[in-house]
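Worksheet for the structure shown next.
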Amino acid sequence: MLTVVISYLWMTFQWMKWLAYRFFTNGYSDSMSCLMGKTAIVTGGNSGVGYGTAILLASRGCRVIIADVVDAEESKNEIIKQTNNQQVISKLLDLSSLKSVRKFARYIIENEEKIDILVNNAGIGTTSRTITDDGLNPMMQVNFFGAFLLTHLLIEPLKASKDARVIFTGSCMVYWSRLRLDNIKDINITEYELNIYNDYMVYQNAKLCNVLVAKEFADRFQKYNIRVYSADPGIVRTKLYNCFIGESIRKVKFLFLFSQLIAGGSLEGAQTNFHLASSRSPIESGQHFYRCRPFCKPKILEDKQFCKEIWKATEVLVKLKPEEKL
């Protein structure tokens with residue numbers, strides 16, 4: 001009982017700290033870097049934080065590949081119009097399909113000399129099914145498994161860059177994840193009722209895993225001079241935000257109004273991604289950032305055995321071949 005109380009007190013403290021950052025820091029990147037000559041992939045770059053990240057990178061002259069499951073031609077054209085950067089392209093990537101992830105990775109390897117920036121941003125907040133064709137939980141696959149596989153497959157073009165950066169998108173909800181060693185099978189739960197509460201649970205687990213593997217990739221990629229980070233975009237008014245601010249929360253007027261107060265726009269939410277992708281400051285690899293500043297991680301990630309088991313289980317679930325493992 002005491003352990004549970006301490007755990008909730010610690011999570012409450014992290015949320016208070018998170019809110020303090022939200023209200024008392026400007027949250028905007030101070031990076032002044034020119035990104036001409038660099039190539040970036042932004043998953044989910046058609047809308048929301050992904051779109052904000054893509055337009056910020058393009059505004060500095062970066063060549064941007066928008067990787068999305070929907071047709072991103074309109075977004076691509078708008079970014080070109082706004083930035084006058086013609087080096088913006090869009091490619092299909094369905095993270096809910098391991099086959100699609102592999103096809104996209106093959107295209108990149110065959111057509112790009114190098115990848116300087118990989119922003120694993122794409123995510124969903126709800127789903128109409130509990131299992132994909134790959135036998136995986138859809139939300140876990142889009143929000144985590146797909147990015148895990150993609151990062152493995154793109155190691156060669158990332159190694160070809162002199163200063164590659166990989167960014168995984170986290171969330172303030174990671175502190176509420178109940179994923180532990182004794183229920184590690186829940187990273188791929190496929191038998192559950194579809195409702196907002198289970199959506200929250202799976203989403204929290206996926207984002208926790210993103211923060212976890214960012215540190216693990218950072219350790220493994222150190223010898224290749226590839227830096228890896230996780231970034232919390234904060235609460236942003238996107239389609240995903242609308243999924244979570246459903247009837248269950250709208251009925252609680254205080255929570256709904258408070259969420260509206262602290263939610264930012266896409267460009268604000270993209271600042272941390274942009275900062276980590278472009279800053280010339282010597283930012284230590286493996287860190288977690290919020291509002292362009294280093295931020296604390298959930299205490300469970302101090303458990304090395306837990307992190308090891310999540311990594312090993314994920315390798316199996318995404319069907320990594322022996323030669324693809326790090």
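Residues are named by chain letter and number: chains run A, B, ... in the order of the structure tokens, numbers start at 1 in each chain, and ligands are numbered from 1 in the order shown.
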Counting only C-alpha atoms, what is within 12 Å of stretch 298-300 of chain A, bar same-chain residues fewer than 4 positions away, as a PyMOL selection string?
chain A and resi 6-8+10-15+170-181+204-205+207-212+288+304-307+310
Skipping near chain neighbours, those fewer than 4 positions away, what residues fall within 9 Å of A:Gly27 using only C-alpha atoms, listed as a PDB file with N, CA, C and O atoms, in the first residue's frame?
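Now in out_37.pdb:
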ATOM      1  N   TYR A  21       6.711  23.796 -16.112  1.00  0.00           N
ATOM      2  CA  TYR A  21       7.445  24.032 -17.356  1.00  0.00           C
ATOM      3  C   TYR A  21       6.516  24.658 -18.394  1.00  0.00           C
ATOM      4  O   TYR A  21       6.909  25.552 -19.140  1.00  0.00           O
ATOM      5  N   ARG A  22       5.282  24.160 -18.427  1.00  0.00           N
ATOM      6  CA  ARG A  22       4.319  24.639 -19.430  1.00  0.00           C
ATOM      7  C   ARG A  22       4.034  26.126 -19.259  1.00  0.00           C
ATOM      8  O   ARG A  22       3.944  26.870 -20.235  1.00  0.00           O
ATOM      9  N   GLU A 268       3.961  25.129 -31.969  1.00  0.00           N
ATOM     10  CA  GLU A 268       4.471  25.118 -30.595  1.00  0.00           C
ATOM     11  C   GLU A 268       4.846  23.695 -30.191  1.00  0.00           C
ATOM     12  O   GLU A 268       5.905  23.452 -29.607  1.00  0.00           O
ATOM     13  N   GLY A 269       3.970  22.748 -30.516  1.00  0.00           N
ATOM     14  CA  GLY A 269       4.234  21.355 -30.162  1.00  0.00           C
ATOM     15  C   GLY A 269       5.448  20.780 -30.870  1.00  0.00           C
ATOM     16  O   GLY A 269       6.072  19.832 -30.383  1.00  0.00           O
ATOM     17  N   GLN A 271       8.260  22.408 -31.522  1.00  0.00           N
ATOM     18  CA  GLN A 271       9.495  23.096 -31.174  1.00  0.00           C
ATOM     19  C   GLN A 271      10.570  22.159 -30.616  1.00  0.00           C
ATOM     20  O   GLN A 271      11.756  22.290 -30.947  1.00  0.00           O
ATOM     21  N   THR A 272      10.184  21.227 -29.768  1.00  0.00           N
ATOM     22  CA  THR A 272      11.175  20.344 -29.159  1.00  0.00           C
ATOM     23  C   THR A 272      11.770  19.397 -30.190  1.00  0.00           C
ATOM     24  O   THR A 272      12.987  19.158 -30.206  1.00  0.00           O
ATOM     25  N   TYR A 290      11.380  18.170 -22.908  1.00  0.00           N
ATOM     26  CA  TYR A 290      10.054  18.801 -22.941  1.00  0.00           C
ATOM     27  C   TYR A 290      10.252  20.309 -23.006  1.00  0.00           C
ATOM     28  O   TYR A 290      11.051  20.866 -22.254  1.00  0.00           O
ATOM     29  N   ARG A 291       9.585  20.961 -23.922  1.00  0.00           N
ATOM     30  CA  ARG A 291       9.708  22.404 -24.128  1.00  0.00           C
ATOM     31  C   ARG A 291      11.175  22.819 -24.296  1.00  0.00           C
ATOM     32  O   ARG A 291      11.643  23.793 -23.721  1.00  0.00           O
ATOM     33  N   CYS A 292      11.882  22.019 -25.095  1.00  0.00           N
ATOM     34  CA  CYS A 292      13.281  22.283 -25.470  1.00  0.00           C
ATOM     35  C   CYS A 292      14.249  22.213 -24.298  1.00  0.00           C
ATOM     36  O   CYS A 292      15.364  22.739 -24.379  1.00  0.00           O
ATOM     37  N   ARG A 293      13.851  21.577 -23.225  1.00  0.00           N
ATOM     38  CA  ARG A 293      14.721  21.419 -22.061  1.00  0.00           C
ATOM     39  C   ARG A 293      14.750  19.958 -21.625  1.00  0.00           C
ATOM     40  O   ARG A 293      13.744  19.253 -21.775  1.00  0.00           O
TER      41      ARG A 293
END
For atom CA of A:Met140 and atom CA of A:Ile89, quote the distance in Å rounded to one decimal.
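Interatomic distance here is 26.8 Å.
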With only C-alpha atoms as the counted atoms, please give the residues lying no more than 7 Å from stretch 217-230 of chain A, apart from itself and same-chain residues fewer than 6 positions off, as a ChimeraX atom specification.
/A:159,163-170,211,285-289,326
Output N, CA and C atoms for every residue in the selection just made, as a PDB file, in the first residue's frame.
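In the end it all went to selection-v3.pdb:
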ATOM      1  N   LYS A 159      23.928   6.046 -40.622  1.00  0.00           N
ATOM      2  CA  LYS A 159      25.377   5.975 -40.429  1.00  0.00           C
ATOM      3  C   LYS A 159      26.121   6.815 -41.466  1.00  0.00           C
ATOM      4  N   ASP A 163      26.291  13.527 -38.680  1.00  0.00           N
ATOM      5  CA  ASP A 163      25.709  13.930 -37.387  1.00  0.00           C
ATOM      6  C   ASP A 163      24.222  13.616 -37.386  1.00  0.00           C
ATOM      7  N   ALA A 164      23.897  12.326 -37.445  1.00  0.00           N
ATOM      8  CA  ALA A 164      22.495  11.916 -37.542  1.00  0.00           C
ATOM      9  C   ALA A 164      21.778  12.075 -36.200  1.00  0.00           C
ATOM     10  N   ARG A 165      20.505  12.428 -36.280  1.00  0.00           N
ATOM     11  CA  ARG A 165      19.659  12.555 -35.086  1.00  0.00           C
ATOM     12  C   ARG A 165      18.402  11.706 -35.290  1.00  0.00           C
ATOM     13  N   VAL A 166      17.997  10.987 -34.262  1.00  0.00           N
ATOM     14  CA  VAL A 166      16.748  10.220 -34.269  1.00  0.00           C
ATOM     15  C   VAL A 166      15.924  10.675 -33.076  1.00  0.00           C
ATOM     16  N   ILE A 167      14.658  10.958 -33.324  1.00  0.00           N
ATOM     17  CA  ILE A 167      13.789  11.482 -32.265  1.00  0.00           C
ATOM     18  C   ILE A 167      12.522  10.635 -32.168  1.00  0.00           C
ATOM     19  N   PHE A 168      12.232  10.152 -30.979  1.00  0.00           N
ATOM     20  CA  PHE A 168      11.001   9.411 -30.698  1.00  0.00           C
ATOM     21  C   PHE A 168      10.052  10.317 -29.920  1.00  0.00           C
ATOM     22  N   THR A 169       8.784  10.285 -30.279  1.00  0.00           N
ATOM     23  CA  THR A 169       7.801  11.133 -29.613  1.00  0.00           C
ATOM     24  C   THR A 169       7.248  10.462 -28.363  1.00  0.00           C
ATOM     25  N   GLY A 170       7.381  11.153 -27.242  1.00  0.00           N
ATOM     26  CA  GLY A 170       6.832  10.677 -25.981  1.00  0.00           C
ATOM     27  C   GLY A 170       5.543  11.408 -25.659  1.00  0.00           C
ATOM     28  N   VAL A 211      10.032   6.308 -25.067  1.00  0.00           N
ATOM     29  CA  VAL A 211      11.056   6.939 -24.234  1.00  0.00           C
ATOM     30  C   VAL A 211      12.112   5.908 -23.853  1.00  0.00           C
ATOM     31  N   SER A 285      23.202  12.420 -25.938  1.00  0.00           N
ATOM     32  CA  SER A 285      22.281  11.453 -26.510  1.00  0.00           C
ATOM     33  C   SER A 285      21.567  10.667 -25.418  1.00  0.00           C
ATOM     34  N   GLY A 286      20.331  10.261 -25.702  1.00  0.00           N
ATOM     35  CA  GLY A 286      19.563   9.435 -24.777  1.00  0.00           C
ATOM     36  C   GLY A 286      18.674  10.200 -23.830  1.00  0.00           C
ATOM     37  N   GLN A 287      18.704  11.520 -23.880  1.00  0.00           N
ATOM     38  CA  GLN A 287      17.909  12.327 -22.957  1.00  0.00           C
ATOM     39  C   GLN A 287      16.457  12.473 -23.425  1.00  0.00           C
ATOM     40  N   HIS A 288      15.607  12.797 -22.459  1.00  0.00           N
ATOM     41  CA  HIS A 288      14.198  13.081 -22.719  1.00  0.00           C
ATOM     42  C   HIS A 288      13.987  14.583 -22.570  1.00  0.00           C
ATOM     43  N   PHE A 289      13.293  15.203 -23.539  1.00  0.00           N
ATOM     44  CA  PHE A 289      13.121  16.655 -23.542  1.00  0.00           C
ATOM     45  C   PHE A 289      11.649  17.055 -23.549  1.00  0.00           C
ATOM     46  N   LEU A 326      20.629  -5.120 -33.307  1.00  0.00           N
ATOM     47  CA  LEU A 326      21.769  -4.289 -32.930  1.00  0.00           C
ATOM     48  C   LEU A 326      22.579  -4.939 -31.802  1.00  0.00           C
TER      49      LEU A 326
END
Determine which residues of stretch 29-250 of chain A DSSP labels as strand (DSSP E) from the backbone of this structure, then write them out as a PyMOL selection string.
chain A and resi 39-43+63-68+88-92+117-120+164-169+226-232
Env of stretch 103-107 of chain A: 12 Å cut, atoms = only C-alpha atoms, seq-sep filter 3 positions within chain, self excluded. Answer as a ChimeraX atom specification.
/A:41,43,65-69,90-95,97-100,110-113,115,118,146-147,149-158
Using only C-alpha atoms, can you tell me which of A:Leu9, A:Met139, A:Met32, A:Ala122 comes closest to A:Ser279?
A:Met32
Run DSSP on the backbone and tell me which residues of stretch 118-295 of chain A come out as helix (DSSP H, G or I); list them as a PyMOL selection string.
chain A and resi 138-153+155-159+172-176+181-188+196-224+239-244+247-250+253-262+266-269+271-278
Within 10 Å of stretch 187-192 of chain A, which residues of stretch 54-170 of chain A show up? Give each one with its shortest atom-to-atom distance in Å (one decimal) and the two atoms involved, counting only C-alpha atoms, rows by chain then rising residue number, as CSV.
residue,atom,partner,partner_atom,distance
A:Arg129,CA,A:Thr190,CA,9.0
A:Thr130,CA,A:Thr190,CA,5.2
A:Ile131,CA,A:Thr190,CA,5.6
A:Thr132,CA,A:Thr190,CA,9.0
A:Gly135,CA,A:Thr190,CA,8.1
A:Leu136,CA,A:Asn188,CA,5.9
A:Asn137,CA,A:Asn188,CA,5.3
A:Pro138,CA,A:Thr190,CA,8.6
A:Met139,CA,A:Asn188,CA,9.4
A:Met140,CA,A:Asn188,CA,7.0
A:Gln141,CA,A:Asn188,CA,8.6
A:Phe144,CA,A:Ile187,CA,9.7
A:Phe145,CA,A:Ile187,CA,9.6
Got time to write the residues from that selection, all heavy atoms, as a compact mmCIF listing (two decimals), in the first residue's frame?
# COMPACT_ATOMS: atom_id res chain seq x y z
N ARG A 129 -10.15 -1.43 -34.16
CA ARG A 129 -9.85 -2.86 -34.13
C ARG A 129 -8.83 -3.15 -33.02
O ARG A 129 -8.15 -2.25 -32.53
CB ARG A 129 -9.30 -3.33 -35.48
CG ARG A 129 -8.13 -2.49 -36.00
CD ARG A 129 -7.64 -2.97 -37.35
NE ARG A 129 -6.56 -2.12 -37.84
CZ ARG A 129 -5.67 -2.49 -38.74
NH1 ARG A 129 -5.74 -3.71 -39.26
NH2 ARG A 129 -4.73 -1.67 -39.15
N THR A 130 -8.74 -4.41 -32.62
CA THR A 130 -7.86 -4.77 -31.52
C THR A 130 -6.64 -5.55 -31.99
O THR A 130 -5.76 -5.86 -31.18
CB THR A 130 -8.60 -5.62 -30.48
OG1 THR A 130 -9.07 -6.83 -31.12
CG2 THR A 130 -9.77 -4.85 -29.88
N ILE A 131 -6.55 -5.84 -33.30
CA ILE A 131 -5.41 -6.60 -33.80
C ILE A 131 -5.19 -6.27 -35.28
O ILE A 131 -6.15 -6.05 -36.02
CB ILE A 131 -5.62 -8.12 -33.61
CG1 ILE A 131 -4.33 -8.90 -33.89
CG2 ILE A 131 -6.78 -8.62 -34.44
CD1 ILE A 131 -4.39 -10.35 -33.44
N THR A 132 -3.93 -6.19 -35.69
CA THR A 132 -3.60 -5.90 -37.08
C THR A 132 -3.32 -7.21 -37.82
O THR A 132 -3.30 -8.29 -37.23
CB THR A 132 -2.34 -5.02 -37.18
OG1 THR A 132 -1.20 -5.78 -36.73
CG2 THR A 132 -2.48 -3.77 -36.34
N GLY A 135 -0.76 -9.37 -36.34
CA GLY A 135 -1.02 -9.94 -35.03
C GLY A 135 -0.64 -9.03 -33.89
O GLY A 135 -0.41 -9.48 -32.76
N LEU A 136 -0.59 -7.72 -34.16
CA LEU A 136 -0.17 -6.75 -33.15
C LEU A 136 -1.31 -5.82 -32.76
O LEU A 136 -2.25 -5.62 -33.53
CB LEU A 136 1.01 -5.93 -33.67
CG LEU A 136 2.26 -6.72 -34.09
CD1 LEU A 136 3.29 -5.80 -34.71
CD2 LEU A 136 2.85 -7.48 -32.90
N ASN A 137 -1.19 -5.24 -31.57
CA ASN A 137 -2.13 -4.22 -31.15
C ASN A 137 -1.96 -3.00 -32.07
O ASN A 137 -0.85 -2.50 -32.23
CB ASN A 137 -1.84 -3.82 -29.70
CG ASN A 137 -2.75 -2.72 -29.20
OD1 ASN A 137 -2.58 -1.56 -29.58
ND2 ASN A 137 -3.69 -3.06 -28.34
N PRO A 138 -3.05 -2.51 -32.70
CA PRO A 138 -2.92 -1.42 -33.69
C PRO A 138 -2.29 -0.15 -33.15
O PRO A 138 -1.45 0.46 -33.81
CB PRO A 138 -4.37 -1.17 -34.10
CG PRO A 138 -5.10 -2.42 -33.78
CD PRO A 138 -4.43 -2.97 -32.56
N MET A 139 -2.69 0.26 -31.93
CA MET A 139 -2.15 1.51 -31.40
C MET A 139 -0.68 1.35 -31.02
O MET A 139 0.13 2.25 -31.26
CB MET A 139 -2.96 1.99 -30.20
CG MET A 139 -2.75 3.47 -29.90
SD MET A 139 -3.67 4.10 -28.48
CE MET A 139 -5.33 3.71 -28.93
N MET A 140 -0.33 0.19 -30.47
CA MET A 140 1.08 -0.06 -30.17
C MET A 140 1.90 -0.13 -31.46
O MET A 140 3.03 0.36 -31.51
CB MET A 140 1.22 -1.36 -29.39
CG MET A 140 0.78 -1.31 -27.95
SD MET A 140 1.76 -0.18 -26.89
CE MET A 140 3.39 -0.89 -26.99
N GLN A 141 1.32 -0.70 -32.51
CA GLN A 141 2.07 -0.84 -33.75
C GLN A 141 2.33 0.51 -34.42
O GLN A 141 3.44 0.77 -34.88
CB GLN A 141 1.33 -1.78 -34.72
CG GLN A 141 2.15 -2.08 -35.97
CD GLN A 141 1.63 -3.27 -36.75
OE1 GLN A 141 0.72 -3.97 -36.30
NE2 GLN A 141 2.19 -3.53 -37.91
N PHE A 144 4.46 2.77 -31.73
CA PHE A 144 5.74 2.30 -31.21
C PHE A 144 6.43 1.24 -32.07
O PHE A 144 7.54 1.45 -32.56
CB PHE A 144 5.57 1.77 -29.78
CG PHE A 144 6.76 1.02 -29.27
CD1 PHE A 144 8.02 1.63 -29.23
CD2 PHE A 144 6.65 -0.29 -28.83
CE1 PHE A 144 9.13 0.93 -28.76
CE2 PHE A 144 7.75 -0.99 -28.36
CZ PHE A 144 9.00 -0.38 -28.33
N PHE A 145 5.77 0.10 -32.29
CA PHE A 145 6.43 -1.00 -33.00
C PHE A 145 6.95 -0.59 -34.37
O PHE A 145 8.06 -0.95 -34.76
CB PHE A 145 5.47 -2.19 -33.17
CG PHE A 145 5.06 -2.85 -31.88
CD1 PHE A 145 3.75 -3.27 -31.68
CD2 PHE A 145 5.97 -3.05 -30.86
CE1 PHE A 145 3.37 -3.89 -30.51
CE2 PHE A 145 5.59 -3.67 -29.67
CZ PHE A 145 4.28 -4.09 -29.50
Find the residues near stretch 73-79 of chain A: any atom within 10 Å, counting only C-alpha atoms, skip ones fewer than 6 places away on the same chain, and give them as a list in words.
Gly45, Asn46, Ser47, Tyr51, Gly52, Ala54, Ile55, Leu56, Ala58, Ser59, Val64, Ile65, Ile66, Asn85, Gln86, Gln87, Val88, Ile89, Ser90 and Lys91 of chain A
Between atom CA of A:Val42 and atom CA of A:Val119 lies a distance of 4.8 Å
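Our summary of the geometry notes that atom CA of A:Asp182 is positioned 20.3 Å from atom CA of A:Lys297.
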